[in-house]
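Trainee: The following file, query-v3.pdb, comprises PDB, C-alpha atoms:
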```pdb
ATOM      1  CA  MET V 285      56.376  15.730 -32.650
ATOM      2  CA  LEU V 286      54.415  16.500 -35.833
ATOM      3  CA  GLN V 287      53.698  12.799 -36.289
ATOM      4  CA  ARG V 288      52.555  12.525 -32.663
ATOM      5  CA  SER V 289      50.267  15.575 -33.042
ATOM      6  CA  ALA V 290      48.780  14.145 -36.210
ATOM      7  CA  GLY V 291      48.186  10.838 -34.449
ATOM      8  CA  LEU V 292      46.448  12.518 -31.528
ATOM      9  CA  ALA V 293      44.277  14.535 -33.904
ATOM     10  CA  THR V 294      43.279  11.392 -35.760
ATOM     11  CA  ALA V 295      42.535   9.561 -32.514
ATOM     12  CA  GLY V 296      40.469  12.519 -31.335
ATOM     13  CA  ALA V 297      38.475  12.566 -34.544
ATOM     14  CA  LEU V 298      37.840   8.838 -34.345
ATOM     15  CA  GLY V 299      36.792   9.147 -30.726
ATOM     16  CA  ALA V 300      34.368  11.932 -31.591
ATOM     17  CA  LYS V 301      32.884   9.872 -34.420
ATOM     18  CA  ALA V 302      32.535   6.880 -32.080
ATOM     19  CA  GLY V 303      30.766   9.055 -29.527
ATOM     20  CA  VAL V 304      28.322  10.326 -32.148
ATOM     21  CA  ALA V 305      27.688   6.793 -33.355
ATOM     22  CA  GLN V 306      27.056   5.596 -29.803
ATOM     23  CA  ALA V 307      24.682   8.491 -29.171
ATOM     24  CA  ALA V 308      22.725   7.650 -32.307
ATOM     25  CA  GLY V 309      22.801   3.869 -31.743
ATOM     26  CA  ALA V 310      21.313   1.451 -29.265
ATOM     27  CA  ALA V 311      20.418   2.560 -25.747
ATOM     28  CA  VAL V 312      20.654  -1.062 -24.620
ATOM     29  CA  THR V 313      24.263  -2.179 -24.117
ATOM     30  CA  LYS V 314      23.968  -4.813 -21.358
ATOM     31  CA  GLY V 315      20.575  -6.336 -22.106
ATOM     32  CA  ARG V 316      20.171  -8.120 -18.769
ATOM     33  CA  ILE V 317      16.803  -6.382 -18.392
ATOM     34  CA  LYS V 318      14.516  -7.047 -21.356
ATOM     35  CA  GLN V 319      12.772  -3.793 -22.229
ATOM     36  CA  SER V 320       9.614  -2.844 -24.070
ATOM     37  CA  ILE V 321       8.005   0.362 -25.346
ATOM     38  CA  VAL V 322       4.366   0.887 -24.367
ATOM     39  CA  TYR V 323       2.602   1.948 -27.530
ATOM     40  CA  TRP V 324      -0.113   4.262 -26.201
ATOM     41  CA  CYS V 325       2.392   6.617 -24.547
ATOM     42  CA  PHE V 326       4.213   7.395 -27.779
ATOM     43  CA  GLU V 327       1.725   6.904 -30.613
ATOM     44  CA  THR V 328       0.936  10.648 -30.568
ATOM     45  CA  ALA V 329       4.394  11.769 -29.407
ATOM     46  CA  GLY V 330       6.495  14.210 -31.403
ATOM     47  CA  ASP V 331       5.525  13.936 -35.052
ATOM     48  CA  LYS V 332       3.046  11.146 -34.189
ATOM     49  CA  TRP V 333       4.858   7.846 -34.044
ATOM     50  CA  GLY V 334       2.813   5.349 -35.976
ATOM     51  CA  ILE V 335       3.443   1.645 -35.596
ATOM     52  CA  GLU V 336       6.068   1.607 -38.347
ATOM     53  CA  LYS V 337       8.084   4.386 -36.754
ATOM     54  CA  MET V 338       7.643   2.856 -33.309
ATOM     55  CA  CYS V 339       9.123  -0.407 -34.554
ATOM     56  CA  GLN V 340      12.019   1.411 -36.213
ATOM     57  CA  ILE V 341      12.777   3.328 -33.010
ATOM     58  CA  ALA V 342      12.576   0.160 -30.910
ATOM     59  CA  LYS V 343      15.133  -1.547 -33.119
ATOM     60  CA  GLN V 344      17.322   1.567 -33.187
ATOM     61  CA  LEU V 345      17.398   1.655 -29.382
ATOM     62  CA  GLY V 346      17.990  -2.080 -29.023
ATOM     63  CA  VAL V 347      14.527  -2.827 -27.610
ATOM     64  CA  THR V 348      12.831  -6.081 -28.607
ATOM     65  CA  SER V 349       9.179  -5.375 -27.801
ATOM     66  CA  VAL V 350       6.379  -2.889 -28.441
ATOM     67  CA  GLU V 351       3.420  -3.641 -26.175
ATOM     68  CA  LEU V 352      -0.229  -2.909 -25.405
ATOM     69  CA  LEU V 353      -1.241  -2.231 -28.980
ATOM     70  CA  ASP V 354      -4.164  -3.247 -31.181
ATOM     71  CA  ALA V 355      -4.070  -6.714 -32.679
ATOM     72  CA  LYS V 356      -4.189  -5.161 -36.149
ATOM     73  CA  HIS V 357      -0.557  -4.126 -35.593
ATOM     74  CA  TYR V 358       0.712  -7.648 -34.868
ATOM     75  CA  PRO V 359       1.713  -8.382 -38.492
ATOM     76  CA  VAL V 360       3.844  -5.218 -38.531
ATOM     77  CA  LEU V 361       5.624  -6.279 -35.340
ATOM     78  CA  LYS V 362       6.333  -9.630 -36.924
ATOM     79  CA  GLN V 363       7.740  -8.001 -40.063
ATOM     80  CA  HIS V 364      10.196  -6.070 -37.876
ATOM     81  CA  GLY V 365      11.183  -9.118 -35.834
ATOM     82  CA  LEU V 366       9.745  -7.674 -32.620
ATOM     83  CA  THR V 367       7.519  -9.186 -29.965
ATOM     84  CA  ASN V 368       4.611  -7.854 -27.894
ATOM     85  CA  ALA V 369       5.574  -8.412 -24.257
ATOM     86  CA  ILE V 370       1.997  -8.031 -23.040
ATOM     87  CA  ALA V 371      -1.159  -7.916 -25.141
ATOM     88  CA  GLN V 372      -4.021  -5.474 -24.674
ATOM     89  CA  ILE V 373      -7.675  -6.446 -24.356
ATOM     90  CA  ASP V 374     -10.171  -4.608 -26.554
ATOM     91  CA  MET V 375     -12.941  -3.117 -24.412
ATOM     92  CA  SER V 376     -13.654  -0.222 -26.758
ATOM     93  CA  PRO V 377     -15.234   2.253 -26.514
ATOM     94  CA  ASP V 378     -14.365   2.000 -22.808
ATOM     95  CA  ALA V 379     -10.883   1.987 -21.331
ATOM     96  CA  PRO V 380      -9.895  -1.650 -20.668
ATOM     97  CA  PHE V 381      -9.298  -1.093 -16.944
ATOM     98  CA  VAL V 382     -12.780   0.292 -16.167
ATOM     99  CA  PHE V 383     -14.774  -2.940 -16.380
ATOM    100  CA  GLY V 384     -13.210  -5.996 -14.777
ATOM    101  CA  PHE V 385     -13.828  -9.288 -13.039
ATOM    102  CA  ASN V 386     -14.923  -7.705  -9.741
ATOM    103  CA  ASN V 387     -18.464  -7.354 -11.133
ATOM    104  CA  PRO V 388     -20.209 -10.499 -12.465
ATOM    105  CA  ASP V 389     -22.321  -8.287 -14.720
ATOM    106  CA  ASN V 390     -19.132  -7.615 -16.669
ATOM    107  CA  TRP V 391     -18.030 -11.225 -17.006
ATOM    108  CA  PRO V 392     -19.545 -11.998 -20.437
ATOM    109  CA  ARG V 393     -18.003  -8.927 -22.042
ATOM    110  CA  VAL V 394     -14.663  -9.084 -20.232
ATOM    111  CA  THR V 395     -14.319 -12.824 -20.727
ATOM    112  CA  LYS V 396     -14.939 -12.494 -24.464
ATOM    113  CA  ALA V 397     -12.385  -9.673 -24.801
ATOM    114  CA  THR V 398      -9.809 -11.551 -22.733
ATOM    115  CA  GLU V 399     -10.250 -14.797 -24.658
ATOM    116  CA  GLU V 400      -9.814 -12.932 -27.949
ATOM    117  CA  ALA V 401      -6.639 -11.316 -26.622
ATOM    118  CA  ILE V 402      -5.365 -14.706 -25.445
ATOM    119  CA  ASP V 403      -6.041 -16.194 -28.890
ATOM    120  CA  GLY V 404      -4.189 -13.360 -30.617
ATOM    121  CA  ALA V 405      -1.215 -13.573 -28.271
ATOM    122  CA  ALA V 406      -1.007 -17.342 -28.641
ATOM    123  CA  ALA V 407      -1.164 -17.146 -32.436
ATOM    124  CA  TYR V 408       1.863 -14.828 -32.537
ATOM    125  CA  GLY V 409       3.807 -16.401 -29.679
ATOM    126  CA  TYR V 410       3.375 -13.510 -27.250
ATOM    127  CA  PRO V 411       3.712 -14.437 -23.560
ATOM    128  CA  SER V 412       1.135 -12.367 -21.686
ATOM    129  CA  VAL V 413      -2.236 -10.601 -21.672
ATOM    130  CA  ILE V 414      -3.146  -7.734 -19.372
ATOM    131  CA  CYS V 415      -6.184  -7.916 -17.077
ATOM    132  CA  PHE V 416      -7.830  -5.792 -14.380
ATOM    133  CA  THR V 417     -10.000  -5.923 -11.278
ATOM    134  CA  GLY V 418     -12.273  -3.165 -12.600
ATOM    135  CA  TYR V 419     -13.852  -0.180 -10.842
ATOM    136  CA  SER V 420     -15.792  -0.461  -7.606
ATOM    137  CA  ALA V 421     -18.822   1.335  -9.083
ATOM    138  CA  LYS V 422     -21.227  -1.098 -10.713
ATOM    139  CA  ASN V 423     -21.633   1.482 -13.468
ATOM    140  CA  PRO V 424     -18.452   3.606 -13.591
ATOM    141  CA  HIS V 425     -20.157   6.060 -15.951
ATOM    142  CA  ASP V 426     -22.779   6.926 -13.309
ATOM    143  CA  PRO V 427     -21.473   8.881 -10.288
ATOM    144  CA  LYS V 428     -24.480   7.718  -8.255
ATOM    145  CA  SER V 429     -23.992   4.049  -9.093
ATOM    146  CA  PRO V 430     -23.833   1.671  -6.091
ATOM    147  CA  ARG V 431     -20.374   0.437  -5.109
ATOM    148  CA  ILE V 432     -19.050  -3.082  -4.814
ATOM    149  CA  SER V 433     -17.331  -3.588  -1.456
ATOM    150  CA  PRO V 434     -13.621  -4.484  -1.497
ATOM    151  CA  GLU V 435     -14.409  -7.879   0.053
ATOM    152  CA  ARG V 436     -17.137  -8.694  -2.470
ATOM    153  CA  GLY V 437     -15.005  -7.379  -5.344
ATOM    154  CA  ALA V 438     -12.125  -9.641  -4.340
ATOM    155  CA  LYS V 439     -14.392 -12.692  -4.092
ATOM    156  CA  ASN V 440     -15.872 -11.923  -7.508
ATOM    157  CA  CYS V 441     -12.393 -11.524  -8.977
ATOM    158  CA  VAL V 442     -11.278 -14.869  -7.614
ATOM    159  CA  GLU V 443     -14.331 -16.590  -9.098
ATOM    160  CA  GLY V 444     -14.060 -14.788 -12.429
ATOM    161  CA  PHE V 445     -10.310 -15.275 -12.820
ATOM    162  CA  LYS V 446     -10.552 -18.969 -11.934
ATOM    163  CA  LYS V 447     -12.729 -19.395 -15.017
ATOM    164  CA  ILE V 448     -10.728 -17.346 -17.501
ATOM    165  CA  VAL V 449      -7.345 -18.610 -16.280
ATOM    166  CA  ARG V 450      -8.254 -22.132 -17.400
ATOM    167  CA  TYR V 451      -8.420 -20.827 -20.955
ATOM    168  CA  ALA V 452      -5.080 -19.045 -20.515
ATOM    169  CA  GLU V 453      -3.527 -22.266 -19.201
ATOM    170  CA  LYS V 454      -4.629 -24.171 -22.307
ATOM    171  CA  LYS V 455      -3.027 -21.534 -24.531
ATOM    172  CA  ASN V 456       0.166 -21.159 -22.422
ATOM    173  CA  ILE V 457      -0.548 -17.474 -21.854
ATOM    174  CA  THR V 458       0.013 -15.635 -18.560
ATOM    175  CA  LEU V 459      -2.625 -13.152 -17.443
ATOM    176  CA  CYS V 460      -1.080 -10.163 -15.653
ATOM    177  CA  MET V 461      -3.426  -8.232 -13.373
ATOM    178  CA  GLU V 462      -2.429  -4.602 -13.032
ATOM    179  CA  MET V 463      -2.520  -2.692  -9.781
ATOM    180  CA  LEU V 464      -3.381   0.990 -10.432
ATOM    181  CA  ASN V 465      -3.186   4.063  -8.208
ATOM    182  CA  THR V 466      -6.343   5.905  -7.148
ATOM    183  CA  ARG V 467      -4.643   9.031  -5.768
ATOM    184  CA  ALA V 468      -3.682  11.012  -8.876
ATOM    185  CA  THR V 469      -6.662  12.951 -10.188
ATOM    186  CA  ASP V 470      -5.082  15.430 -12.611
ATOM    187  CA  HIS V 471      -5.026  13.216 -15.718
ATOM    188  CA  PRO V 472      -7.089  10.173 -16.798
ATOM    189  CA  MET V 473      -3.949   8.093 -17.392
ATOM    190  CA  LYS V 474      -1.975   9.242 -14.347
ATOM    191  CA  GLY V 475      -4.449   7.921 -11.786
ATOM    192  CA  HIS V 476      -7.673   5.949 -11.683
ATOM    193  CA  PRO V 477      -9.972   6.997  -8.817
ATOM    194  CA  GLY V 478     -12.502   4.252  -8.251
ATOM    195  CA  TYR V 479     -10.306   1.358  -9.407
ATOM    196  CA  GLN V 480     -10.620  -1.489  -6.926
ATOM    197  CA  GLY V 481      -7.214  -3.178  -7.187
ATOM    198  CA  ASP V 482      -5.252  -0.181  -5.924
ATOM    199  CA  HIS V 483      -2.913  -1.938  -3.480
ATOM    200  CA  VAL V 484      -0.331  -4.662  -4.021
ATOM    201  CA  ASP V 485      -1.549  -6.789  -1.101
ATOM    202  CA  TYR V 486      -5.147  -6.703  -2.357
ATOM    203  CA  CYS V 487      -4.109  -7.908  -5.809
ATOM    204  CA  ILE V 488      -1.705 -10.537  -4.490
ATOM    205  CA  ASP V 489      -4.407 -11.948  -2.225
ATOM    206  CA  ILE V 490      -6.640 -12.479  -5.270
ATOM    207  CA  ILE V 491      -3.801 -14.077  -7.230
ATOM    208  CA  ARG V 492      -2.943 -16.435  -4.361
ATOM    209  CA  LYS V 493      -6.555 -17.558  -4.041
ATOM    210  CA  VAL V 494      -6.904 -18.202  -7.769
ATOM    211  CA  GLY V 495      -3.821 -20.394  -7.403
ATOM    212  CA  SER V 496      -2.657 -20.637 -11.007
ATOM    213  CA  PRO V 497       0.849 -19.955 -12.337
ATOM    214  CA  ARG V 498      -0.925 -18.353 -15.301
ATOM    215  CA  LEU V 499      -2.248 -15.430 -13.223
ATOM    216  CA  LYS V 500       0.375 -12.978 -12.022
ATOM    217  CA  LEU V 501       0.784  -9.315 -11.096
ATOM    218  CA  LEU V 502       1.639  -6.485 -13.426
ATOM    219  CA  PHE V 503       3.987  -4.644 -11.071
ATOM    220  CA  ASP V 504       3.831  -1.024 -12.201
ATOM    221  CA  VAL V 505       6.521   0.829 -10.243
ATOM    222  CA  TYR V 506       4.772   4.166 -10.831
ATOM    223  CA  HIS V 507       1.484   3.004  -9.313
ATOM    224  CA  VAL V 508       3.114   0.952  -6.555
ATOM    225  CA  GLN V 509       5.247   3.878  -5.415
ATOM    226  CA  ILE V 510       2.235   6.203  -5.212
ATOM    227  CA  MET V 511       0.015   3.795  -3.262
ATOM    228  CA  ASP V 512       2.344   1.569  -1.262
ATOM    229  CA  GLY V 513       6.029   2.490  -1.676
ATOM    230  CA  ASP V 514       8.732   0.184  -0.314
ATOM    231  CA  VAL V 515       9.274  -1.001  -3.880
ATOM    232  CA  ILE V 516      12.469  -3.050  -3.529
ATOM    233  CA  ARG V 517      11.282  -4.913  -0.417
ATOM    234  CA  ARG V 518       7.994  -5.729  -2.146
ATOM    235  CA  ILE V 519       9.811  -7.142  -5.155
ATOM    236  CA  GLY V 520      11.616  -9.560  -2.840
ATOM    237  CA  GLN V 521       8.445 -10.513  -0.986
ATOM    238  CA  ILE V 522       6.272 -11.250  -4.039
ATOM    239  CA  LYS V 523       8.906 -12.214  -6.591
ATOM    240  CA  GLU V 524       7.118 -15.401  -7.680
ATOM    241  CA  PHE V 525       3.964 -13.435  -8.529
ATOM    242  CA  ILE V 526       5.493 -10.722 -10.742
ATOM    243  CA  GLY V 527       4.612 -11.383 -14.372
ATOM    244  CA  HIS V 528       5.369  -8.017 -15.972
ATOM    245  CA  VAL V 529       6.796  -4.625 -14.929
ATOM    246  CA  HIS V 530       6.036  -1.052 -15.983
ATOM    247  CA  VAL V 531       8.035   2.081 -15.153
ATOM    248  CA  ALA V 532       7.378   5.825 -15.238
ATOM    249  CA  GLY V 533       8.581   8.841 -13.307
ATOM    250  CA  VAL V 534       6.857   9.602 -10.006
ATOM    251  CA  PRO V 535       4.812  11.650  -9.256
ATOM    252  CA  GLY V 536       3.933  13.028 -12.697
ATOM    253  CA  ARG V 537       4.276   9.909 -14.894
ATOM    254  CA  GLY V 538       6.878  11.741 -16.942
ATOM    255  CA  GLU V 539      10.412  10.807 -17.899
ATOM    256  CA  LEU V 540      12.728   8.795 -15.659
ATOM    257  CA  ASP V 541      14.879  11.821 -14.865
ATOM    258  CA  ALA V 542      16.059  14.052 -12.021
ATOM    259  CA  LYS V 543      12.593  15.594 -11.620
ATOM    260  CA  GLN V 544      11.088  12.424 -10.154
ATOM    261  CA  GLU V 545      11.545  10.570  -6.861
ATOM    262  CA  VAL V 546      12.294   6.975  -7.842
ATOM    263  CA  ASN V 547      15.841   5.649  -8.193
ATOM    264  CA  PHE V 548      15.380   3.088 -10.949
ATOM    265  CA  PRO V 549      18.772   1.324 -11.285
ATOM    266  CA  PRO V 550      18.540  -0.318  -7.819
ATOM    267  CA  ILE V 551      14.988  -1.424  -8.634
ATOM    268  CA  MET V 552      16.175  -3.022 -11.863
ATOM    269  CA  GLN V 553      18.974  -4.720  -9.955
ATOM    270  CA  ALA V 554      16.456  -5.999  -7.407
ATOM    271  CA  LEU V 555      14.474  -7.586 -10.247
ATOM    272  CA  LEU V 556      17.615  -9.305 -11.474
ATOM    273  CA  ASP V 557      18.497 -10.419  -7.951
ATOM    274  CA  VAL V 558      15.162 -12.241  -7.537
ATOM    275  CA  GLY V 559      15.520 -13.915 -10.927
ATOM    276  CA  TYR V 560      12.960 -11.906 -12.858
ATOM    277  CA  THR V 561      13.228 -12.753 -16.555
ATOM    278  CA  GLY V 562      10.200 -10.891 -17.936
ATOM    279  CA  TYR V 563       9.996  -7.505 -19.595
ATOM    280  CA  VAL V 564      10.111  -3.952 -18.250
ATOM    281  CA  GLY V 565       7.799  -1.670 -20.206
ATOM    282  CA  GLN V 566       8.575   2.044 -20.559
ATOM    283  CA  GLU V 567       5.151   3.609 -19.868
ATOM    284  CA  PHE V 568       5.851   7.270 -19.211
ATOM    285  CA  ILE V 569       4.062  10.214 -20.834
ATOM    286  CA  PRO V 570       6.651  12.384 -22.643
ATOM    287  CA  THR V 571       6.932  16.017 -21.577
ATOM    288  CA  ARG V 572       9.862  16.863 -23.885
ATOM    289  CA  ASP V 573      11.625  15.306 -26.869
ATOM    290  CA  PRO V 574      10.168  11.769 -26.761
ATOM    291  CA  LEU V 575      13.089  10.014 -28.403
ATOM    292  CA  GLN V 576      15.629  11.613 -26.077
ATOM    293  CA  GLY V 577      13.502  10.814 -23.027
ATOM    294  CA  LEU V 578      13.005   7.235 -24.155
ATOM    295  CA  ARG V 579      16.697   6.749 -24.846
ATOM    296  CA  GLU V 580      17.588   8.073 -21.392
ATOM    297  CA  ALA V 581      14.980   5.893 -19.674
ATOM    298  CA  ILE V 582      16.060   2.728 -21.467
ATOM    299  CA  SER V 583      19.722   3.429 -20.677
ATOM    300  CA  LEU V 584      18.872   4.049 -17.021
ATOM    301  CA  CYS V 585      17.108   0.686 -16.732
ATOM    302  CA  ASP V 586      19.843  -1.166 -18.620
ATOM    303  CA  VAL V 587      21.762  -2.206 -15.491
TER     304      VAL V 587
END
```
Starting from the coordinates I provided, produce the structure as structure tokens.
Mentor:
Amino acid sequence: MLQRSAGLATAGALGAKAGVAQAAGAAVTKGRIKQSIVYWCFETAGDKWGIEKMCQIAKQLGVTSVELLDAKHYPVLKQHGLTNAIAQIDMSPDAPFVFGFNNPDNWPRVTKATEEAIDGAAAYGYPSVICFTGYSAKNPHDPKSPRISPERGAKNCVEGFKKIVRYAEKKNITLCMEMLNTRATDHPMKGHPGYQGDHVDYCIDIIRKVGSPRLKLLFDVYHVQIMDGDVIRRIGQIKEFIGHVHVAGVPGRGELDAKQEVNFPPIMQALLDVGYTGYVGQEFIPTRDPLQGLREAISLCDV
């Protein structure tokens, strides 16, 4: 009996140690969904995660990508053996989604920024570059600026994307156009009033008309849920056009937890069911311990 008690105590201790190790180790155990950490959400999180710490955390959690970061960070990613699932375009000092291909006045600037991003992604072997329709106001910084109609904006996008996508095709890079919500007004990164590509069907129509396998949709579940809903059905309907995926809790763009309305595991399974092989980027804004929230979100999506 003493031997049996000692054995149970030892087994219990080993089990406890294993549990601690698992809690401190990788959040990815299945790996059927490739996951990525979106840099801007976490660069000022907690004790300010710089690129070095971000890479360390990604590897600790079993994630293979850190995305949407400045090209100056690419060498650090390479040193850590990580990839950049989707590259950012540099439109500083403006946000990259404000000026897009819906306004021909923007084409020289946007084309230059997109080509530079394509070159950087190609040089490091990254698969994708983000792109946007732009805002409907001809001058988004002027509230009285005349608006571009949805029909004219779509036509301009088709013409503009047909030109830039040729360059992407030569470099084997996929441009992913992001659909953004225009309903949330409480935070500049939770919603984008004035953005023209604010519905899935609008964006898909542009992509179809451009007609290149190198232009696809950045399917952001957070934005899609707010504007259109019916997320799983949409994934099935437009599966061939999905080039990248983002996730965040709805409605507040916080953690993927019990305070939000989206059930993420079935959505991840739907992506697998349609044969999606791209990345899912964690793009939520932390409201509590960022590492804990990130670990929970990655585990939730690891179906």
Trainee: Hey, can you check how far atom CA of V:Tyr451 sits from atom CA of V:Glu399?
Mentor: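 Distance between the two atoms: 7.3 Å.
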Trainee: Give the answer as one residue: which of V:Gly481, V:Pro570, V:Gly513, V:Gly495 has the shortest atom-to-atom distance to V:Gly533, using all atoms listed in the file?
Mentor: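 Smallest separation from V:Gly533 among the options: V:Pro570.
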Trainee: Taking the file as shown, what set of residues would the PyMOL selection byres ((chain V and resi 322-332) around 7) give back, as a ChimeraX atom specification?
Mentor: /V:320-321,333-334,350-353,565-569,573-574
Trainee: Could those selected residues go to a file with C-alpha atoms, as a JSON list (two decimals), in the frame of the given file?
Mentor:
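Result file follows (selection-v8.json):
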```
[["chain", "number", "residue", "atom", "x", "y", "z"],
["V", 320, "SER", "CA", 9.61, -2.84, -24.07],
["V", 321, "ILE", "CA", 8.01, 0.36, -25.35],
["V", 333, "TRP", "CA", 4.86, 7.85, -34.04],
["V", 334, "GLY", "CA", 2.81, 5.35, -35.98],
["V", 350, "VAL", "CA", 6.38, -2.89, -28.44],
["V", 351, "GLU", "CA", 3.42, -3.64, -26.18],
["V", 352, "LEU", "CA", -0.23, -2.91, -25.40],
["V", 353, "LEU", "CA", -1.24, -2.23, -28.98],
["V", 565, "GLY", "CA", 7.80, -1.67, -20.21],
["V", 566, "GLN", "CA", 8.57, 2.04, -20.56],
["V", 567, "GLU", "CA", 5.15, 3.61, -19.87],
["V", 568, "PHE", "CA", 5.85, 7.27, -19.21],
["V", 569, "ILE", "CA", 4.06, 10.21, -20.83],
["V", 573, "ASP", "CA", 11.62, 15.31, -26.87],
["V", 574, "PRO", "CA", 10.17, 11.77, -26.76]]
```
Trainee: Record the distance separating atom CA of V:Ile551 and atom CA of V:Gly418, expressed in Å with one decimal.
Mentor: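 Straight-line distance from atom CA of V:Ile551 to atom CA of V:Gly418 works out to 27.6 Å.
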Trainee: Suppose a student applies the PyMOL selection byres ((chain V and resi 491) around 12) to this structure; what residues should they get, written as a VMD selection string?
Mentor: chain V and resid 415 to 417 438 to 439 441 to 446 449 459 to 463 481 484 to 490 492 to 502 522 524 to 527
Trainee: Quick one: apply the PyMOL selection byres ((chain V and resi 358-364) around 12) to the file and drop the selected residues here as a PyMOL selection string.
Mentor: chain V and resi 323+334-344+347-357+365-372+401+404-410
Trainee: Write out as an MDAnalysis selection string each polymer residue whose atoms come within 12 Å of V:Asn423, counting only C-alpha atoms; drop sequence neighbours fewer than 5 positions from it.
Mentor: chainID V and resid 378 382:384 386:387 389:390 418 428:432 478
Trainee: Report as a short mmCIF file (atom, residue, chain, number, x, y, z; two decimals) with C-alpha atoms, in the coordinates of the input all protein, DNA and RNA residues lying within 9 Å of stretch 313-315 of chain V, evaluated on only C-alpha atoms, omitting residues in the same chain fewer than 2 positions from it.
Mentor:
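Final file, part.cif:
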```
data_model
loop_
_atom_site.label_atom_id
_atom_site.label_comp_id
_atom_site.auth_asym_id
_atom_site.auth_seq_id
_atom_site.Cartn_x
_atom_site.Cartn_y
_atom_site.Cartn_z
CA ALA V 310 21.31 1.45 -29.26
CA ALA V 311 20.42 2.56 -25.75
CA ILE V 317 16.80 -6.38 -18.39
CA LYS V 318 14.52 -7.05 -21.36
CA GLN V 319 12.77 -3.79 -22.23
CA GLY V 346 17.99 -2.08 -29.02
CA VAL V 347 14.53 -2.83 -27.61
CA SER V 583 19.72 3.43 -20.68
CA ASP V 586 19.84 -1.17 -18.62
CA VAL V 587 21.76 -2.21 -15.49
#
```
Trainee: So the first atom is atom CA of V:Pro477 and the second is atom CA of V:Asn465; what is the distance between them in Å, to one decimal place?
Mentor: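 Distance reported for this atom pair: 7.4 Å.
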Trainee: Return the single residue from V:Ile510, V:Val546, V:Ile414, V:Val564 that is closest to V:His530, with distances computed using all atoms listed in the file.
Mentor: V:Val564
Trainee: Name the closest residue to V:Lys454 among the candidates V:His476, V:Asp470, V:Ile402, V:Arg393; distances are taken between atoms, counting only C-alpha atoms.
Mentor: V:Ile402
Trainee: Give the answer as one residue: which of V:Tyr560, V:Phe385, V:Phe548, V:Tyr479 has the shortest atom-to-atom distance to V:Val515, using all atoms listed in the file?
Mentor: V:Phe548
Trainee: Between V:Ala468, V:Val413, V:Leu578, V:Ala397, which residue has the minimum interatomic distance to V:His528, considering only C-alpha atoms?
Mentor: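 Of the candidates, the smallest distance to V:His528 is held by V:Val413.
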Trainee: I'd like to know which of V:Ile519, V:Leu464, V:Val505, V:Ala421 is closest to V:Leu555, using only C-alpha atoms.
Mentor: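 Of V:Ile519, V:Leu464, V:Val505, V:Ala421, the one nearest V:Leu555, counting only C-alpha atoms, is V:Ile519.
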Trainee: If you take every atom of stretch 395-414 of chain V that the file lists and fit an axis-aligned box around them with 5 Å extra on each side, what centre and edge lengths come out in Å to one decimal, as AutoDock Vina command-line options?
Mentor:
```
--center_x -5.6 --center_y -12.5 --center_z -26.0 --size_x 28.7 --size_y 19.6 --size_z 23.2
```
